[in-house]
Amino acid sequence: MNLAFAGKVVLITGGARNLGRAMGTAFATAGASIAINARAQRPEMAETIAAIEAVGGKAISCIADITNRAEVDRMVEAIIKRFGRLDILINNAGIIRWAGFPDADEQNLASHLAVHTVGSFNTARAAWPHMCAAGYGRIVMTTSSGMFGLSNNVSYATAKAAVVGLTRSLAVAGKKHGIAVNLIAPAAMTRMAGGDGESPAMPPELVAPMAAFLAHEDCHVSGEMYAAGAGRFARIFFATTPGYVHQGPDVTVEDVAEHWAAINDETGYAVPANLREWSAGFLAHLPPQDG
């Protein structure tokens with residue numbers, strides 16, 4: 001199977017180094033044109049552009065602060081003017097400011113939310129009308145396994161979990177427009193993660209194939225989450241247990257305590273695709289409502 005991106009235009013935020021560069025060269029090798037975003041013009045930008053051109057790709061730099069809606073709008077309009085289209089958005093930009101709880105203050109939380117969550121919102125919102133007009137689009141958001149719980153960086157974990165809710169909602173909204181929105185949780189020793197981006201076991205290049213497939217027209221999932229890194233690719237998902245259904249009009253805290261094992265029993269769990277599907281399953285024991 002040869003999955004190509006000929007004619008496609010890809011915007012990669014935070015793409016000047018490490019994961020962004022690995023993704024950019026992967027897309028360019030497969031025929032895509034690349035718009036590389038960074039907050040400021042740094043030597044890494046020229047190095048990434050050169051790496052993309054070295055594999056025969058076309059790339060432009062897009063300097064914009066993704067936390068600023070006006071700058072994001074101008075960036076996307078410039079991409080449309082240059083290439084005539086925007087097919088794929090990879091929201092890779094991020095920051096990390098290590099702080100545990102309660103040492104992490106409001107500014108620490110706000111800075112993470114601004115880049116990871118608001119930045120992802122801004123870029124998706126700017127690209128959305130163009131994708132709707134084309135009847136096609138692919139958006140790959142970046143989350144993190146840190147959302148499972150990260151004692152020494154509560155703000156980072158919080159922001160990454162918020163991106164999951166954003167993605168799931170956009171996936172529902174995008175379905176009728178041919179837009180698929182998914183998540184990737186990279187496992188790579190990038191500089192942001194405390195490495196140098198050159199780990200032989202966990203290089204960024206081992207993450208890029210998952211991002212590329214999620215962005216391909218042959219990938220039909222939406223609202224899903226996948227981990228990638230170190231040669232392993234896996235699905236991450238939210239599930240709900242069948243739980244315990246109380247019979248009778250009155251329920252007490254003792255009823256909950258007595259049926260705690262049933263509430264937590266994972267046998268027969270379900271993986272809801274959206275809130276409507278979860279509600280249908282959770283309330284399935286109720287009689288049909290008239291009207």
# chains A, B, ... in the order shown; residues from 1 in each chain; ligands from 1
>>> select_by_dssp(residues="segment 62-159 of chain A", states="strand (DSSP E)", output="list in words")
Cys62, Ile63, Ile88, Leu89, Ile90, Asn91, Gly137, Arg138, Ile139, Val140, Met141 and Thr142 of chain A
>>> write_last_selection(atoms="C-alpha atoms", output="CSV table (one decimal), in the first residue's frame")
chain,number,residue,atom,x,y,z
A,62,CYS,CA,4.3,30.9,8.7
A,63,ILE,CA,5.2,33.0,11.7
A,88,ILE,CA,-4.7,19.0,6.6
A,89,LEU,CA,-4.0,20.7,10.0
A,90,ILE,CA,-1.5,19.1,12.4
A,91,ASN,CA,-1.8,20.9,15.8
A,137,GLY,CA,-10.5,18.0,5.8
A,138,ARG,CA,-8.2,16.2,8.2
A,139,ILE,CA,-7.2,17.6,11.6
A,140,VAL,CA,-4.8,15.9,14.0
A,141,MET,CA,-4.7,17.3,17.5
A,142,THR,CA,-1.9,16.5,19.9
>>> closest_atom_pairs(of="segment 94-119 of chain A", to="segment 66-74 of chain A", cutoff="8 Å", atoms="only C-alpha atoms", output="Markdown table")
| residue | atom | partner | partner_atom | distance |
| --- | --- | --- | --- | --- |
| A:Ala114 | CA | A:Thr67 | CA | 5.7 |
| A:Val115 | CA | A:Thr67 | CA | 5.8 |
| A:Val118 | CA | A:Thr67 | CA | 6.1 |
| A:Gly119 | CA | A:Thr67 | CA | 4.7 |
>>> residues_around(residues="Gly165 of chain A", least_positions_apart="5", cutoff="10 Å", atoms="only C-alpha atoms", output="PDB file with C-alpha atoms, in the first residue's frame")
ATOM      1  CA  THR A 117      -6.121  24.244  24.013  1.00  0.00           C
ATOM      2  CA  LYS A 160      -3.835  18.040  27.050  1.00  0.00           C
ATOM      3  CA  LEU A 170     -15.162  18.829  16.464  1.00  0.00           C
ATOM      4  CA  ALA A 171     -15.376  15.252  15.221  1.00  0.00           C
ATOM      5  CA  GLY A 223     -12.861  11.461  17.314  1.00  0.00           C
TER       6      GLY A 223
END
>>> residues_around(residues="Glu53 of chain A", least_positions_apart="3", cutoff="12 Å", atoms="only C-alpha atoms", output="number ranges by chain")
A: 21, 24-29, 31-34, 46-50, 56-60
>>> atom_distance(atom1="atom CA of Ile96 of chain A", atom2="atom CA of Ala124 of chain A")
21.4 Å
>>> select_by_dssp(residues="segment 14-201 of chain A", states="alpha helix (DSSP H)", output="PyMOL selection string")
chain A and resi 19-29+43-54+69-83+106-112+119-134+154-174
>>> closest_residue(among="A:Ser120, A:Asn274, A:Ser145, A:Gln247", to="Arg168 of chain A", atoms="only C-alpha atoms")
A:Asn274
>>> decode(residues="segment 100-150 of chain A", atoms="N, CA and C atoms", output="PDB file, in the first residue's frame")
ATOM      1  N   GLY A 100       4.304  21.029  39.944  1.00  0.00           N
ATOM      2  CA  GLY A 100       3.308  20.150  40.542  1.00  0.00           C
ATOM      3  C   GLY A 100       2.252  20.948  41.279  1.00  0.00           C
ATOM      4  N   PHE A 101       1.343  20.234  41.906  1.00  0.00           N
ATOM      5  CA  PHE A 101       0.244  20.874  42.624  1.00  0.00           C
ATOM      6  C   PHE A 101       0.512  20.793  44.121  1.00  0.00           C
ATOM      7  N   PRO A 102       0.362  21.893  44.859  1.00  0.00           N
ATOM      8  CA  PRO A 102      -0.267  23.165  44.497  1.00  0.00           C
ATOM      9  C   PRO A 102       0.717  24.268  44.069  1.00  0.00           C
ATOM     10  N   ASP A 103       1.954  23.901  43.766  1.00  0.00           N
ATOM     11  CA  ASP A 103       2.928  24.923  43.372  1.00  0.00           C
ATOM     12  C   ASP A 103       2.565  25.599  42.053  1.00  0.00           C
ATOM     13  N   ALA A 104       1.920  24.861  41.150  1.00  0.00           N
ATOM     14  CA  ALA A 104       1.503  25.448  39.876  1.00  0.00           C
ATOM     15  C   ALA A 104       0.459  26.531  40.152  1.00  0.00           C
ATOM     16  N   ASP A 105       0.748  27.750  39.670  1.00  0.00           N
ATOM     17  CA  ASP A 105      -0.183  28.848  39.921  1.00  0.00           C
ATOM     18  C   ASP A 105      -1.096  29.071  38.716  1.00  0.00           C
ATOM     19  N   GLU A 106      -1.940  30.092  38.791  1.00  0.00           N
ATOM     20  CA  GLU A 106      -2.905  30.351  37.724  1.00  0.00           C
ATOM     21  C   GLU A 106      -2.221  30.693  36.409  1.00  0.00           C
ATOM     22  N   GLN A 107      -1.103  31.400  36.479  1.00  0.00           N
ATOM     23  CA  GLN A 107      -0.391  31.755  35.260  1.00  0.00           C
ATOM     24  C   GLN A 107       0.188  30.526  34.587  1.00  0.00           C
ATOM     25  N   ASN A 108       0.668  29.582  35.391  1.00  0.00           N
ATOM     26  CA  ASN A 108       1.201  28.338  34.847  1.00  0.00           C
ATOM     27  C   ASN A 108       0.108  27.581  34.089  1.00  0.00           C
ATOM     28  N   LEU A 109      -1.072  27.503  34.687  1.00  0.00           N
ATOM     29  CA  LEU A 109      -2.204  26.836  34.032  1.00  0.00           C
ATOM     30  C   LEU A 109      -2.624  27.598  32.778  1.00  0.00           C
ATOM     31  N   ALA A 110      -2.730  28.918  32.889  1.00  0.00           N
ATOM     32  CA  ALA A 110      -3.190  29.728  31.767  1.00  0.00           C
ATOM     33  C   ALA A 110      -2.262  29.619  30.568  1.00  0.00           C
ATOM     34  N   SER A 111      -0.952  29.575  30.814  1.00  0.00           N
ATOM     35  CA  SER A 111      -0.001  29.506  29.706  1.00  0.00           C
ATOM     36  C   SER A 111      -0.123  28.187  28.950  1.00  0.00           C
ATOM     37  N   HIS A 112      -0.355  27.093  29.670  1.00  0.00           N
ATOM     38  CA  HIS A 112      -0.536  25.797  29.006  1.00  0.00           C
ATOM     39  C   HIS A 112      -1.847  25.746  28.232  1.00  0.00           C
ATOM     40  N   LEU A 113      -2.914  26.217  28.847  1.00  0.00           N
ATOM     41  CA  LEU A 113      -4.211  26.225  28.164  1.00  0.00           C
ATOM     42  C   LEU A 113      -4.165  27.107  26.916  1.00  0.00           C
ATOM     43  N   ALA A 114      -3.445  28.218  27.000  1.00  0.00           N
ATOM     44  CA  ALA A 114      -3.383  29.159  25.878  1.00  0.00           C
ATOM     45  C   ALA A 114      -2.791  28.512  24.638  1.00  0.00           C
ATOM     46  N   VAL A 115      -1.712  27.768  24.803  1.00  0.00           N
ATOM     47  CA  VAL A 115      -1.042  27.164  23.647  1.00  0.00           C
ATOM     48  C   VAL A 115      -1.731  25.876  23.212  1.00  0.00           C
ATOM     49  N   HIS A 116      -1.878  24.951  24.132  1.00  0.00           N
ATOM     50  CA  HIS A 116      -2.393  23.629  23.765  1.00  0.00           C
ATOM     51  C   HIS A 116      -3.873  23.653  23.395  1.00  0.00           C
ATOM     52  N   THR A 117      -4.672  24.310  24.199  1.00  0.00           N
ATOM     53  CA  THR A 117      -6.121  24.244  24.013  1.00  0.00           C
ATOM     54  C   THR A 117      -6.646  25.395  23.157  1.00  0.00           C
ATOM     55  N   VAL A 118      -6.368  26.630  23.574  1.00  0.00           N
ATOM     56  CA  VAL A 118      -6.834  27.783  22.799  1.00  0.00           C
ATOM     57  C   VAL A 118      -6.157  27.818  21.435  1.00  0.00           C
ATOM     58  N   GLY A 119      -4.863  27.508  21.399  1.00  0.00           N
ATOM     59  CA  GLY A 119      -4.159  27.487  20.119  1.00  0.00           C
ATOM     60  C   GLY A 119      -4.738  26.469  19.158  1.00  0.00           C
ATOM     61  N   SER A 120      -5.067  25.298  19.651  1.00  0.00           N
ATOM     62  CA  SER A 120      -5.678  24.269  18.808  1.00  0.00           C
ATOM     63  C   SER A 120      -7.069  24.700  18.350  1.00  0.00           C
ATOM     64  N   PHE A 121      -7.796  25.352  19.240  1.00  0.00           N
ATOM     65  CA  PHE A 121      -9.119  25.883  18.903  1.00  0.00           C
ATOM     66  C   PHE A 121      -9.007  26.935  17.802  1.00  0.00           C
ATOM     67  N   ASN A 122      -8.064  27.868  17.965  1.00  0.00           N
ATOM     68  CA  ASN A 122      -7.914  28.959  16.996  1.00  0.00           C
ATOM     69  C   ASN A 122      -7.561  28.457  15.605  1.00  0.00           C
ATOM     70  N   THR A 123      -6.618  27.546  15.514  1.00  0.00           N
ATOM     71  CA  THR A 123      -6.195  27.066  14.200  1.00  0.00           C
ATOM     72  C   THR A 123      -7.282  26.244  13.537  1.00  0.00           C
ATOM     73  N   ALA A 124      -7.962  25.402  14.314  1.00  0.00           N
ATOM     74  CA  ALA A 124      -9.059  24.615  13.752  1.00  0.00           C
ATOM     75  C   ALA A 124     -10.180  25.526  13.274  1.00  0.00           C
ATOM     76  N   ARG A 125     -10.460  26.564  14.032  1.00  0.00           N
ATOM     77  CA  ARG A 125     -11.540  27.485  13.676  1.00  0.00           C
ATOM     78  C   ARG A 125     -11.212  28.262  12.407  1.00  0.00           C
ATOM     79  N   ALA A 126      -9.944  28.615  12.235  1.00  0.00           N
ATOM     80  CA  ALA A 126      -9.541  29.351  11.034  1.00  0.00           C
ATOM     81  C   ALA A 126      -9.563  28.457   9.801  1.00  0.00           C
ATOM     82  N   ALA A 127      -9.169  27.196   9.966  1.00  0.00           N
ATOM     83  CA  ALA A 127      -9.125  26.271   8.836  1.00  0.00           C
ATOM     84  C   ALA A 127     -10.507  25.732   8.477  1.00  0.00           C
ATOM     85  N   TRP A 128     -11.409  25.700   9.424  1.00  0.00           N
ATOM     86  CA  TRP A 128     -12.711  25.043   9.281  1.00  0.00           C
ATOM     87  C   TRP A 128     -13.521  25.509   8.070  1.00  0.00           C
ATOM     88  N   PRO A 129     -13.721  26.816   7.866  1.00  0.00           N
ATOM     89  CA  PRO A 129     -14.544  27.236   6.716  1.00  0.00           C
ATOM     90  C   PRO A 129     -13.979  26.770   5.375  1.00  0.00           C
ATOM     91  N   HIS A 130     -12.662  26.733   5.250  1.00  0.00           N
ATOM     92  CA  HIS A 130     -12.036  26.303   4.000  1.00  0.00           C
ATOM     93  C   HIS A 130     -12.240  24.803   3.790  1.00  0.00           C
ATOM     94  N   MET A 131     -12.163  24.041   4.868  1.00  0.00           N
ATOM     95  CA  MET A 131     -12.393  22.602   4.768  1.00  0.00           C
ATOM     96  C   MET A 131     -13.864  22.316   4.475  1.00  0.00           C
ATOM     97  N   CYS A 132     -14.760  23.078   5.104  1.00  0.00           N
ATOM     98  CA  CYS A 132     -16.192  22.895   4.834  1.00  0.00           C
ATOM     99  C   CYS A 132     -16.511  23.202   3.371  1.00  0.00           C
ATOM    100  N   ALA A 133     -15.916  24.265   2.850  1.00  0.00           N
ATOM    101  CA  ALA A 133     -16.160  24.635   1.456  1.00  0.00           C
ATOM    102  C   ALA A 133     -15.671  23.564   0.499  1.00  0.00           C
ATOM    103  N   ALA A 134     -14.594  22.878   0.881  1.00  0.00           N
ATOM    104  CA  ALA A 134     -14.040  21.811   0.042  1.00  0.00           C
ATOM    105  C   ALA A 134     -14.748  20.483   0.269  1.00  0.00           C
ATOM    106  N   GLY A 135     -15.518  20.384   1.351  1.00  0.00           N
ATOM    107  CA  GLY A 135     -16.170  19.121   1.683  1.00  0.00           C
ATOM    108  C   GLY A 135     -15.189  18.063   2.135  1.00  0.00           C
ATOM    109  N   TYR A 136     -14.045  18.529   2.624  1.00  0.00           N
ATOM    110  CA  TYR A 136     -12.998  17.578   3.028  1.00  0.00           C
ATOM    111  C   TYR A 136     -12.004  18.261   3.949  1.00  0.00           C
ATOM    112  N   GLY A 137     -11.529  17.531   4.932  1.00  0.00           N
ATOM    113  CA  GLY A 137     -10.471  18.039   5.785  1.00  0.00           C
ATOM    114  C   GLY A 137     -10.022  16.987   6.775  1.00  0.00           C
ATOM    115  N   ARG A 138      -8.791  17.118   7.209  1.00  0.00           N
ATOM    116  CA  ARG A 138      -8.240  16.239   8.237  1.00  0.00           C
ATOM    117  C   ARG A 138      -7.527  17.108   9.268  1.00  0.00           C
ATOM    118  N   ILE A 139      -7.882  16.922  10.541  1.00  0.00           N
ATOM    119  CA  ILE A 139      -7.231  17.642  11.626  1.00  0.00           C
ATOM    120  C   ILE A 139      -6.695  16.618  12.619  1.00  0.00           C
ATOM    121  N   VAL A 140      -5.429  16.749  12.955  1.00  0.00           N
ATOM    122  CA  VAL A 140      -4.807  15.882  13.955  1.00  0.00           C
ATOM    123  C   VAL A 140      -4.378  16.758  15.124  1.00  0.00           C
ATOM    124  N   MET A 141      -4.998  16.543  16.261  1.00  0.00           N
ATOM    125  CA  MET A 141      -4.655  17.262  17.488  1.00  0.00           C
ATOM    126  C   MET A 141      -3.611  16.453  18.261  1.00  0.00           C
ATOM    127  N   THR A 142      -2.858  17.142  19.088  1.00  0.00           N
ATOM    128  CA  THR A 142      -1.860  16.455  19.906  1.00  0.00           C
ATOM    129  C   THR A 142      -2.281  16.475  21.367  1.00  0.00           C
ATOM    130  N   THR A 143      -2.461  15.290  21.918  1.00  0.00           N
ATOM    131  CA  THR A 143      -2.717  15.152  23.347  1.00  0.00           C
ATOM    132  C   THR A 143      -1.475  14.530  23.981  1.00  0.00           C
ATOM    133  N   SER A 144      -1.604  13.936  25.128  1.00  0.00           N
ATOM    134  CA  SER A 144      -0.449  13.342  25.798  1.00  0.00           C
ATOM    135  C   SER A 144      -0.908  12.280  26.784  1.00  0.00           C
ATOM    136  N   SER A 145      -0.065  11.279  26.972  1.00  0.00           N
ATOM    137  CA  SER A 145      -0.343  10.289  28.017  1.00  0.00           C
ATOM    138  C   SER A 145      -0.289  10.943  29.390  1.00  0.00           C
ATOM    139  N   GLY A 146       0.211  12.177  29.448  1.00  0.00           N
ATOM    140  CA  GLY A 146       0.200  12.914  30.703  1.00  0.00           C
ATOM    141  C   GLY A 146      -1.191  13.110  31.262  1.00  0.00           C
ATOM    142  N   MET A 147      -2.211  13.027  30.401  1.00  0.00           N
ATOM    143  CA  MET A 147      -3.583  13.205  30.888  1.00  0.00           C
ATOM    144  C   MET A 147      -4.004  12.069  31.822  1.00  0.00           C
ATOM    145  N   PHE A 148      -3.273  10.962  31.819  1.00  0.00           N
ATOM    146  CA  PHE A 148      -3.580   9.886  32.762  1.00  0.00           C
ATOM    147  C   PHE A 148      -3.218  10.283  34.193  1.00  0.00           C
ATOM    148  N   GLY A 149      -2.451  11.358  34.304  1.00  0.00           N
ATOM    149  CA  GLY A 149      -2.052  11.844  35.625  1.00  0.00           C
ATOM    150  C   GLY A 149      -0.565  12.124  35.649  1.00  0.00           C
ATOM    151  N   LEU A 150      -0.221  13.369  35.935  1.00  0.00           N
ATOM    152  CA  LEU A 150       1.171  13.778  35.905  1.00  0.00           C
ATOM    153  C   LEU A 150       1.412  14.637  37.139  1.00  0.00           C
TER     154      LEU A 150
END
